[in-house]
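Novice: My structure is in target_28.txt, and what it holds is compact mmCIF, C-alpha atoms:
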# COMPACT_ATOMS: atom_id res chain seq x y z
CA MET A 1 -2.38 -41.58 20.59
CA THR A 2 -0.40 -39.36 18.21
CA LYS A 3 -0.43 -35.59 18.52
CA LYS A 4 -2.38 -35.13 15.29
CA LYS A 5 -5.11 -37.55 16.35
CA LYS A 6 -5.87 -35.81 19.59
CA THR A 7 -9.31 -34.47 18.77
CA LYS A 8 -12.77 -34.77 20.25
CA LEU A 9 -15.13 -37.43 18.92
CA ASN A 10 -17.73 -34.94 17.80
CA ASN A 11 -15.04 -33.28 15.66
CA SER A 12 -15.00 -36.38 13.44
CA ARG A 13 -18.76 -36.22 13.02
CA ARG A 14 -18.64 -32.55 11.97
CA LYS A 15 -15.90 -33.29 9.45
CA PHE A 16 -17.90 -36.20 8.01
CA ILE A 17 -20.92 -33.93 7.51
CA LYS A 18 -18.85 -31.19 5.84
CA THR A 19 -17.00 -33.65 3.62
CA SER A 20 -20.25 -35.31 2.54
CA ALA A 21 -21.71 -31.93 1.62
CA MET A 22 -18.68 -31.06 -0.51
CA LEU A 23 -18.79 -34.43 -2.27
CA THR A 24 -22.49 -33.99 -2.97
CA ALA A 25 -21.85 -30.56 -4.48
CA ALA A 26 -18.96 -31.88 -6.54
CA SER A 27 -21.07 -34.75 -7.92
CA ALA A 28 -23.45 -32.22 -9.43
CA LEU A 29 -20.71 -30.56 -11.49
CA PRO A 30 -20.57 -31.33 -15.22
CA LEU A 31 -17.81 -33.45 -16.68
CA PHE A 32 -15.04 -31.56 -18.47
CA ASN A 33 -13.03 -32.39 -21.56
CA ILE A 34 -9.44 -33.09 -20.55
CA ASN A 35 -8.33 -31.46 -23.82
CA HIS A 36 -9.87 -28.12 -22.84
CA ALA A 37 -7.78 -25.02 -23.61
CA TRP A 38 -6.74 -24.64 -19.95
CA SER A 39 -4.65 -27.81 -20.24
CA GLN A 40 -2.10 -25.79 -22.23
CA ASP A 41 1.06 -24.52 -20.51
CA VAL A 42 1.00 -20.76 -20.00
CA VAL A 43 3.92 -18.46 -19.16
CA PHE A 44 4.34 -14.68 -18.99
CA ASP A 45 7.50 -13.21 -20.53
CA GLY A 46 7.21 -9.80 -18.88
CA GLU A 47 5.86 -7.91 -21.90
CA PRO A 48 2.35 -6.40 -21.60
CA PHE A 49 -0.06 -7.89 -24.14
CA ASP A 50 -3.52 -7.17 -25.55
CA ALA A 51 -5.99 -9.43 -23.75
CA GLY A 52 -8.83 -8.36 -26.04
CA GLY A 53 -11.06 -7.11 -23.24
CA ALA A 54 -10.87 -10.39 -21.28
CA GLU A 55 -12.19 -10.50 -17.71
CA LEU A 56 -9.79 -11.49 -14.93
CA LYS A 57 -11.64 -12.79 -11.85
CA LEU A 58 -9.79 -11.55 -8.76
CA GLY A 59 -10.28 -12.15 -5.05
CA GLU A 60 -8.61 -9.43 -2.93
CA TRP A 61 -9.35 -7.66 0.35
CA GLY A 62 -12.01 -4.97 0.32
CA GLY A 63 -12.25 -1.52 1.86
CA PHE A 64 -9.17 0.70 1.93
CA TRP A 65 -7.08 -2.14 0.52
CA GLU A 66 -9.22 -2.20 -2.64
CA GLU A 67 -9.04 1.57 -2.98
CA PHE A 68 -5.25 1.44 -2.79
CA MET A 69 -4.95 -1.44 -5.26
CA ARG A 70 -7.17 0.25 -7.82
CA ASP A 71 -5.30 3.56 -7.64
CA ALA A 72 -1.77 2.16 -7.35
CA PHE A 73 -2.05 -0.88 -9.58
CA ILE A 74 -5.31 -2.12 -11.10
CA ASN A 75 -6.44 0.88 -13.16
CA ASP A 76 -3.09 1.01 -14.96
CA PHE A 77 -3.01 -2.79 -15.33
CA GLU A 78 -6.44 -2.84 -17.02
CA SER A 79 -5.36 -0.13 -19.45
CA ARG A 80 -2.02 -1.67 -20.43
CA TYR A 81 -3.40 -5.18 -20.86
CA ASN A 82 -6.80 -4.24 -22.34
CA CYS A 83 -8.66 -6.30 -19.78
CA THR A 84 -11.28 -5.89 -17.08
CA ILE A 85 -10.62 -7.00 -13.52
CA SER A 86 -13.67 -8.34 -11.71
CA TYR A 87 -12.79 -7.51 -8.11
CA ASP A 88 -14.43 -9.51 -5.31
CA GLY A 89 -13.60 -8.42 -1.78
CA ALA A 90 -16.33 -10.57 -0.20
CA TRP A 91 -14.16 -13.03 1.71
CA PRO A 92 -14.19 -16.03 2.37
CA TRP A 93 -13.42 -17.54 -1.03
CA PHE A 94 -13.10 -21.20 -0.02
CA PRO A 95 -16.81 -22.05 -0.42
CA LYS A 96 -16.90 -20.35 -3.84
CA PHE A 97 -14.01 -22.47 -5.08
CA ILE A 98 -15.67 -25.62 -3.75
CA ALA A 99 -18.99 -24.74 -5.39
CA GLY A 100 -17.39 -24.25 -8.81
CA GLY A 101 -14.94 -27.11 -8.65
CA GLU A 102 -11.36 -27.40 -9.85
CA LYS A 103 -12.07 -27.09 -13.58
CA ASN A 104 -14.39 -24.10 -13.23
CA PRO A 105 -12.50 -21.88 -10.76
CA ALA A 106 -14.41 -19.12 -9.01
CA TYR A 107 -11.35 -16.87 -9.42
CA ASP A 108 -8.34 -16.81 -11.70
CA ILE A 109 -6.21 -15.27 -8.97
CA CYS A 110 -6.63 -14.59 -5.25
CA ASN A 111 -4.68 -12.78 -2.55
CA TRP A 112 -5.39 -14.33 0.82
CA ASN A 113 -4.12 -15.55 4.14
CA ILE A 114 -2.67 -19.02 4.39
CA PRO A 115 -5.29 -21.06 6.36
CA GLU A 116 -8.16 -20.65 3.88
CA MET A 117 -5.76 -21.05 0.97
CA VAL A 118 -4.40 -24.33 2.36
CA LYS A 119 -7.92 -25.54 3.16
CA THR A 120 -8.89 -24.98 -0.49
CA ALA A 121 -5.74 -26.66 -1.80
CA ASN A 122 -6.35 -29.65 0.46
CA SER A 123 -9.82 -30.00 -1.04
CA GLY A 124 -8.73 -30.36 -4.67
CA ASP A 125 -6.23 -29.63 -7.42
CA PHE A 126 -7.06 -25.94 -7.66
CA PHE A 127 -3.77 -24.05 -7.89
CA MET A 128 -0.40 -23.81 -9.60
CA SER A 129 2.46 -24.59 -7.21
CA PRO A 130 4.74 -21.78 -5.98
CA ASP A 131 7.58 -23.14 -8.10
CA GLU A 132 5.33 -23.22 -11.17
CA ILE A 133 4.29 -19.60 -10.65
CA ALA A 134 7.84 -18.39 -9.99
CA SER A 135 9.26 -20.18 -13.03
CA SER A 136 6.50 -18.76 -15.28
CA ILE A 137 7.24 -15.07 -14.60
CA PRO A 138 10.44 -12.98 -14.92
CA ASN A 139 10.31 -11.55 -11.38
CA GLY A 140 9.99 -15.04 -9.94
CA LYS A 141 13.77 -15.36 -10.08
CA ASN A 142 14.10 -12.51 -7.55
CA VAL A 143 12.02 -13.94 -4.68
CA TRP A 144 13.51 -15.12 -1.40
CA ASP A 145 13.04 -18.86 -0.87
CA PHE A 146 10.53 -18.39 1.95
CA ALA A 147 8.12 -16.79 -0.55
CA LYS A 148 7.36 -20.38 -1.61
CA ALA A 149 7.11 -21.82 1.90
CA THR A 150 3.31 -22.10 1.85
CA GLY A 151 3.53 -24.87 -0.75
CA VAL A 152 0.42 -23.40 -2.38
CA GLY A 153 0.76 -19.77 -3.53
CA LEU A 154 3.56 -17.26 -3.97
CA THR A 155 3.98 -14.74 -1.15
CA TRP A 156 4.65 -11.20 -2.37
CA ALA A 157 4.64 -9.28 0.93
CA PHE A 158 4.70 -9.98 4.66
CA GLY A 159 5.09 -8.68 8.17
CA GLN A 160 6.08 -10.26 11.46
CA TYR A 161 3.68 -10.99 14.29
CA CYS A 162 4.14 -9.05 17.48
CA TYR A 163 2.49 -7.56 20.53
CA VAL A 164 1.50 -3.94 20.48
CA TYR A 165 1.75 -2.28 23.88
CA ARG A 166 1.20 1.17 25.31
CA SER A 167 4.71 2.45 25.97
CA ASP A 168 3.38 5.25 28.18
CA MET A 169 1.40 2.88 30.41
CA ILE A 170 3.75 -0.09 30.67
CA ASP A 171 7.00 0.11 32.62
CA PRO A 172 9.05 -1.96 32.19
CA GLY A 173 8.26 -2.76 28.57
CA ILE A 174 7.68 -6.12 26.92
CA THR A 175 10.70 -8.35 26.26
CA ASP A 176 9.21 -11.86 26.29
CA PHE A 177 6.25 -13.64 24.68
CA LYS A 178 4.91 -14.93 28.03
CA GLN A 179 4.60 -11.45 29.55
CA PHE A 180 1.18 -11.22 27.90
CA TRP A 181 -0.10 -13.34 30.81
CA GLU A 182 1.30 -11.20 33.63
CA ASP A 183 -1.22 -10.25 36.33
CA ARG A 184 -0.74 -6.52 35.68
CA PHE A 185 -2.52 -6.93 32.32
CA SER A 186 -5.64 -8.67 33.62
CA GLY A 187 -8.59 -7.25 31.69
CA MET A 188 -6.26 -5.11 29.58
CA ARG A 189 -5.15 -7.78 27.10
CA GLY A 190 -6.43 -8.06 23.54
CA THR A 191 -6.68 -10.83 20.95
CA TYR A 192 -9.11 -11.78 18.14
CA ILE A 193 -12.12 -13.84 17.21
CA THR A 194 -11.27 -17.39 16.16
CA SER A 195 -11.87 -16.74 12.44
CA ASN A 196 -9.05 -14.17 12.39
CA THR A 197 -5.67 -15.58 11.32
CA LEU A 198 -3.90 -13.56 14.03
CA GLN A 199 -5.77 -15.50 16.72
CA MET A 200 -5.00 -18.79 14.96
CA VAL A 201 -1.29 -18.01 14.96
CA PHE A 202 -1.40 -16.70 18.53
CA PHE A 203 -3.05 -19.92 19.67
CA LEU A 204 -0.43 -22.13 17.98
CA ALA A 205 2.39 -19.96 19.34
CA SER A 206 0.87 -20.35 22.82
CA CYS A 207 0.80 -24.13 22.39
CA GLN A 208 4.52 -23.98 21.62
CA ALA A 209 5.33 -21.59 24.48
CA TYR A 210 3.45 -23.48 27.21
CA GLY A 211 3.40 -27.05 25.89
CA LYS A 212 5.83 -29.62 24.63
CA ASP A 213 5.48 -28.32 21.05
CA ALA A 214 3.16 -26.40 18.72
CA TYR A 215 0.82 -29.41 18.58
CA ASP A 216 0.05 -29.41 22.31
CA LEU A 217 -3.58 -28.27 22.10
CA GLU A 218 -4.34 -28.70 25.79
CA ALA A 219 -1.50 -26.32 26.66
CA GLY A 220 -2.93 -23.80 24.21
CA TYR A 221 -6.41 -24.07 25.72
CA GLU A 222 -5.00 -23.56 29.20
CA ALA A 223 -3.08 -20.50 27.96
CA MET A 224 -6.28 -19.00 26.50
CA LYS A 225 -8.08 -19.58 29.82
CA ASN A 226 -5.29 -17.89 31.74
CA ALA A 227 -5.40 -14.88 29.38
CA MET A 228 -9.01 -14.13 30.29
CA PRO A 229 -10.54 -11.66 30.84
CA ALA A 230 -9.45 -10.05 27.58
CA LYS A 231 -10.87 -7.84 24.85
CA ILE A 232 -11.72 -9.92 21.77
CA SER A 233 -11.46 -7.92 18.55
CA ASP A 234 -12.64 -8.85 15.07
CA PHE A 235 -9.86 -7.21 13.04
CA THR A 236 -6.58 -5.33 13.43
CA GLY A 237 -8.07 -1.87 12.85
CA ASN A 238 -10.38 -2.37 15.81
CA MET A 239 -7.40 -3.47 17.92
CA GLN A 240 -5.68 -0.21 16.99
CA THR A 241 -8.69 1.70 18.29
CA LEU A 242 -8.79 -0.25 21.56
CA VAL A 243 -5.09 0.41 22.11
CA GLU A 244 -5.45 4.14 21.31
CA ARG A 245 -8.27 4.41 23.86
CA GLY A 246 -6.20 2.62 26.48
CA GLU A 247 -8.77 -0.17 26.77
CA VAL A 248 -6.04 -2.60 25.70
CA GLN A 249 -2.53 -2.15 27.06
CA ILE A 250 -1.07 -5.20 25.31
CA GLY A 251 -2.56 -6.87 22.26
CA VAL A 252 -1.82 -9.37 19.52
CA GLN A 253 -0.87 -7.51 16.36
CA TRP A 254 1.45 -7.49 13.36
CA GLU A 255 4.30 -5.02 13.06
CA GLY A 256 2.94 -2.86 10.23
CA GLU A 257 -0.08 -1.71 12.23
CA VAL A 258 2.18 -0.74 15.14
CA TYR A 259 4.59 1.21 12.93
CA LEU A 260 1.62 3.09 11.45
CA GLN A 261 0.43 4.12 14.92
CA MET A 262 3.96 5.12 15.94
CA ASP A 263 4.23 7.43 12.94
CA LYS A 264 0.92 9.02 13.93
CA GLY A 265 2.42 9.93 17.29
CA ILE A 266 0.52 7.34 19.33
CA PRO A 267 2.62 6.11 22.30
CA VAL A 268 2.91 2.45 21.33
CA ALA A 269 5.77 0.03 20.70
CA PRO A 270 6.03 -3.46 19.23
CA PHE A 271 7.51 -6.59 20.70
CA ILE A 272 8.35 -8.81 17.72
CA TRP A 273 7.83 -12.47 18.60
CA GLU A 274 11.19 -14.22 18.60
CA HIS A 275 10.44 -17.73 19.84
CA GLN A 276 8.79 -18.72 16.54
CA LYS A 277 8.89 -15.60 14.31
CA PRO A 278 5.67 -16.38 12.42
CA LEU A 279 4.62 -14.22 9.49
CA LEU A 280 1.46 -12.47 8.40
CA THR A 281 1.64 -12.99 4.65
CA GLN A 282 0.03 -11.66 1.50
CA THR A 283 0.05 -14.60 -0.90
CA HIS A 284 -1.26 -15.02 -4.44
CA THR A 285 -2.66 -18.22 -5.83
CA VAL A 286 -3.12 -18.72 -9.57
CA SER A 287 -5.88 -21.13 -10.58
CA LYS A 288 -4.45 -24.10 -12.41
CA TYR A 289 -7.44 -24.56 -14.73
CA SER A 290 -8.22 -20.98 -15.71
CA ASP A 291 -8.46 -20.40 -19.46
CA PRO A 292 -5.12 -19.49 -21.10
CA VAL A 293 -5.74 -15.72 -21.47
CA GLN A 294 -6.95 -15.38 -17.88
CA LYS A 295 -4.09 -17.53 -16.61
CA LYS A 296 -1.57 -15.39 -18.46
CA LEU A 297 -3.18 -12.24 -17.06
CA ALA A 298 -3.01 -13.74 -13.56
CA LEU A 299 0.69 -14.46 -13.98
CA ALA A 300 1.25 -10.91 -15.24
CA TYR A 301 -0.61 -9.62 -12.19
CA VAL A 302 1.69 -11.55 -9.82
CA ASN A 303 4.77 -10.49 -11.77
CA GLU A 304 3.88 -6.80 -11.44
CA LYS A 305 3.14 -7.18 -7.74
CA LEU A 306 6.76 -8.34 -7.44
CA ASP A 307 8.08 -5.19 -9.12
CA PRO A 308 10.33 -3.08 -6.84
CA LYS A 309 8.36 0.11 -7.58
CA PHE A 310 5.08 -1.42 -6.47
CA MET A 311 6.78 -3.01 -3.45
CA ASN A 312 7.91 0.44 -2.38
CA LYS A 313 4.34 1.78 -2.65
CA ALA A 314 3.00 -1.13 -0.59
CA GLY A 315 5.70 -0.54 2.01
CA GLU A 316 4.90 3.16 2.29
CA THR A 317 1.15 2.57 2.57
CA PHE A 318 0.83 -0.67 4.57
CA TYR A 319 4.35 -1.03 6.06
CA LEU A 320 4.58 -4.40 4.29
CA ARG A 321 7.97 -6.02 3.76
CA PRO A 322 8.85 -7.28 0.27
CA THR A 323 9.71 -10.87 -0.65
CA ILE A 324 11.99 -9.88 -3.54
CA LYS A 325 15.73 -9.51 -3.14
CA ASN A 326 16.01 -6.40 -5.33
CA ALA A 327 13.48 -4.24 -3.46
CA GLN A 328 14.45 -0.89 -1.94
CA LEU A 329 12.75 -0.41 1.42
CA PRO A 330 11.03 2.92 2.12
CA GLU A 331 12.33 5.10 4.92
CA LEU A 332 9.18 4.34 6.92
CA LEU A 333 10.49 0.79 7.33
CA THR A 334 14.24 1.36 7.49
CA SER A 335 13.72 3.88 10.30
CA LYS A 336 12.24 1.00 12.34
CA GLY A 337 15.32 -1.15 11.80
CA VAL A 338 13.77 -3.29 9.05
CA THR A 339 16.18 -4.63 6.43
CA ASN A 340 15.77 -6.68 3.25
CA ASP A 341 18.53 -9.26 3.29
CA ALA A 342 18.98 -12.98 3.86
CA ASN A 343 20.00 -12.50 7.52
CA ALA A 344 16.83 -10.53 8.24
CA LEU A 345 14.81 -13.58 7.25
CA ASP A 346 16.62 -16.12 9.41
CA GLY A 347 14.30 -18.29 11.50
CA LEU A 348 11.04 -17.08 9.98
CA HIS A 349 8.30 -19.58 10.68
CA THR A 350 5.27 -20.88 8.80
CA PRO A 351 2.82 -22.73 11.10
CA ASP A 352 1.66 -26.24 10.27
CA TRP A 353 -1.64 -25.19 8.77
CA SER A 354 -2.63 -28.69 7.77
CA PHE A 355 -2.49 -29.68 11.44
CA TYR A 356 -4.51 -26.63 12.44
CA LEU A 357 -7.18 -27.33 9.84
CA GLU A 358 -7.43 -30.98 10.89
CA ASN A 359 -8.23 -29.75 14.40
CA GLU A 360 -9.98 -26.50 13.51
CA ASP A 361 -13.48 -27.44 14.68
CA ASP A 362 -12.21 -28.47 18.09
CA ILE A 363 -9.97 -25.40 18.45
CA VAL A 364 -12.70 -22.98 17.39
CA GLU A 365 -15.37 -24.52 19.60
CA THR A 366 -13.11 -24.70 22.67
CA CYS A 367 -11.66 -21.19 22.30
CA ASN A 368 -15.10 -19.68 21.67
CA GLU A 369 -16.32 -21.30 24.89
CA ILE A 370 -13.32 -19.86 26.75
CA PHE A 371 -13.87 -16.37 25.29
CA ALA A 372 -17.57 -16.44 26.17
CA SER A 373 -17.08 -17.60 29.76
So that I can check it, write out the structure of this file as structure tokens.
Specialist:
Amino acid sequence: MTKKKKTKLNNSRRKFIKTSAMLTAASALPLFNINHAWSQDVVFDGEPFDAGGAELKLGEWGGFWEEFMRDAFINDFESRYNCTISYDGAWPWFPKFIAGGEKNPAYDICNWNIPEMVKTANSGDFFMSPDEIASSIPNGKNVWDFAKATGVGLTWAFGQYCYVYRSDMIDPGITDFKQFWEDRFSGMRGTYITSNTLQMVFFLASCQAYGKDAYDLEAGYEAMKNAMPAKISDFTGNMQTLVERGEVQIGVQWEGEVYLQMDKGIPVAPFIWEHQKPLLTQTHTVSKYSDPVQKKLALAYVNEKLDPKFMNKAGETFYLRPTIKNAQLPELLTSKGVTNDANALDGLHTPDWSFYLENEDDIVETCNEIFAS
């Protein structure tokens, strides 16, 4: 039996039910004229244009992220392009894309994490390719190659996965991925619910660390069992709180959240994962079949996200690293030893999300049972 076929029988039944439901929904969609305006090629030359009050449908994160984007980016963008951005922070977006279908996209542009984005792309011809996006905008020529590694959208910012640990409570510190499982941390470890991408990546990294490769699911399940008892958080902000309270001494995290706590004077330190070096990415997709004006606005939106000035703002606020070669890093990042050069990106890893999604039902069900036990 091959590694990608190693799933439980009931997993196949669940997939059949979900696939049938999607096909039923798709069959109800109206037929579209293949000569519709969206079939035209659209590029953005870098010059702001008058969109005539057009609406750009955007999927982005909500909360503080939305507040930042509106103040630092969106308000000015709407004014300069004479458009209105319809902002939807109500993730997930996958079911909305499926409901509308390829030719009637729920959004013209989205910023999201890779698993849901790949799941959507695997379900239909929804998006422009990374190469198509990059070649259609001026700033596309400045991106590092790994910005296209998803095969779906164009990554504009990222951070590395790590452990956060209480430097005042842990002596010696953390120097290896497998130290998470040491007896001294029993009941003081922290990870995430199975719908959080950080837990997905942690699980796959554990398969790699304890199994024959990243596809060794049984090794990953055994690693999750051996990590219990642990605090299971829903999002990174909650993990920050658990660490500040001392309820978690070592937790799964990404570097930006740790740097933020360090600069607040909280006694924490990161251990950046080295055995795989996976990334937490911010990646934009552009809908392939959006109308020409909306598609051009979406490309302009991505192009301006890749501007060095905006990259600096994002770095100062979220401690995000840029994916463009000509960015100047803020002191908040350089003081942590972060650089923006080809050598700094050596060995960065994108998990096999298609494999994960093929086995998602089994992974989620098994890990949830382990977390609840």
Novice: Using atom CA of Glu222 of chain A and atom CA of His275 of chain A as the two end points, give the distance in Å to one decimal.
Specialist: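 Distance between the two atoms: 19.0 Å.
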Novice: Tell me which of A:His349, A:Arg80, A:Arg166, A:Lys325 sits closest to Gly53 of chain A, counting only C-alpha atoms.
Specialist: A:Arg80
Novice: Just want the 8 Å neighbourhood of Ile272 of chain A, counted on all atoms listed in the file, with same-chain residues fewer than 4 positions away dropped. Output as a list in words.
Specialist: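 Within the cut-off, the hits are Gln160, Tyr161, Cys162, Tyr163, Glu255 and Lys277 of chain A.
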Novice: Calculate how many Å separate atom CA of Phe310 of chain A from atom CA of Gly52 of chain A, rounding to one decimal.
Specialist: 25.0 Å
Novice: Which of these residues is nearest to Ser86 of chain A, using only C-alpha atoms: A:Asp234, A:Glu60, A:Asp41, A:Asp125?
Specialist: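 Counting only C-alpha atoms, the residue closest to Ser86 of chain A is A:Glu60.
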Novice: Compare A:Pro115, A:Phe94, A:Thr84, A:Trp144 by their minimum atom-to-atom distance to Asp346 of chain A, counting all atoms listed in the file, and give me the closest one.
Specialist: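 The closest residue to Asp346 of chain A is A:Trp144.
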Novice: When you draw a straight line from atom CA of Ser287 of chain A to atom CA of Ser195 of chain A, how long is it in Å?
Specialist: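 Atom-to-atom, atom CA of Ser287 of chain A to atom CA of Ser195 of chain A, that is 24.2 Å.
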Novice: Find the residue from A:Leu299, A:Val243, A:Ile193, A:Met69 that sits nearest to Val268 of chain A; use all atoms listed in the file when measuring.
Specialist: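 Closest candidate: A:Val243.
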Novice: So, with only C-alpha atoms as the atoms that count, which of A:Pro229, A:Gly220, A:Pro322, A:Pro270 lies closest to Ala372 of chain A?
Specialist: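 Checking each candidate against Ala372 of chain A, we get A:Pro229 as the closest.
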Novice: Return the single residue from A:Gly59, A:Gly315, A:Gly251, A:Gly124 that is closest to Phe235 of chain A, with distances computed using all atoms listed in the file.
Specialist: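 Smallest separation from Phe235 of chain A among the options: A:Gly251.
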Novice: Given the point (5.3, -18.4, 27.0) in the file's coordinates, find the residues that have an atom at most 9 Å from it, counting only C-alpha atoms, and give them as a VMD selection string.
Specialist: chain A and resid 176 to 181 205 to 211 223 275
Novice: Using the selection just defined, write its residues with C-alpha atoms as a PDB file, in the frame of the given file.
Specialist:
ATOM      1  CA  ASP A 176       9.210 -11.860  26.290  1.00  0.00           C
ATOM      2  CA  PHE A 177       6.250 -13.640  24.680  1.00  0.00           C
ATOM      3  CA  LYS A 178       4.910 -14.930  28.030  1.00  0.00           C
ATOM      4  CA  GLN A 179       4.600 -11.450  29.550  1.00  0.00           C
ATOM      5  CA  PHE A 180       1.180 -11.220  27.900  1.00  0.00           C
ATOM      6  CA  TRP A 181      -0.100 -13.340  30.810  1.00  0.00           C
ATOM      7  CA  ALA A 205       2.390 -19.960  19.340  1.00  0.00           C
ATOM      8  CA  SER A 206       0.870 -20.350  22.820  1.00  0.00           C
ATOM      9  CA  CYS A 207       0.800 -24.130  22.390  1.00  0.00           C
ATOM     10  CA  GLN A 208       4.520 -23.980  21.620  1.00  0.00           C
ATOM     11  CA  ALA A 209       5.330 -21.590  24.480  1.00  0.00           C
ATOM     12  CA  TYR A 210       3.450 -23.480  27.210  1.00  0.00           C
ATOM     13  CA  GLY A 211       3.400 -27.050  25.890  1.00  0.00           C
ATOM     14  CA  ALA A 223      -3.080 -20.500  27.960  1.00  0.00           C
ATOM     15  CA  HIS A 275      10.440 -17.730  19.840  1.00  0.00           C
TER      16      HIS A 275
END
Novice: How big is the axis-aligned box around all listed atoms of segment 356-371 of chain A once 8 Å goes on each side, and where's its centre, in Å to one decimal, as JSON?
Specialist:
{"center_x": -10.4, "center_y": -23.7, "center_z": 18.3, "size_x": 27.8, "size_y": 30.6, "size_z": 32.9}
Novice: Excluding Ser373 of chain A and residues on its chain fewer than 2 positions from it, collect all residues at most 10 Å away from it, counting all atoms listed in the file, and give them as an NGL selection string.
Specialist: :A and (225 or 228-229 or 367-371)
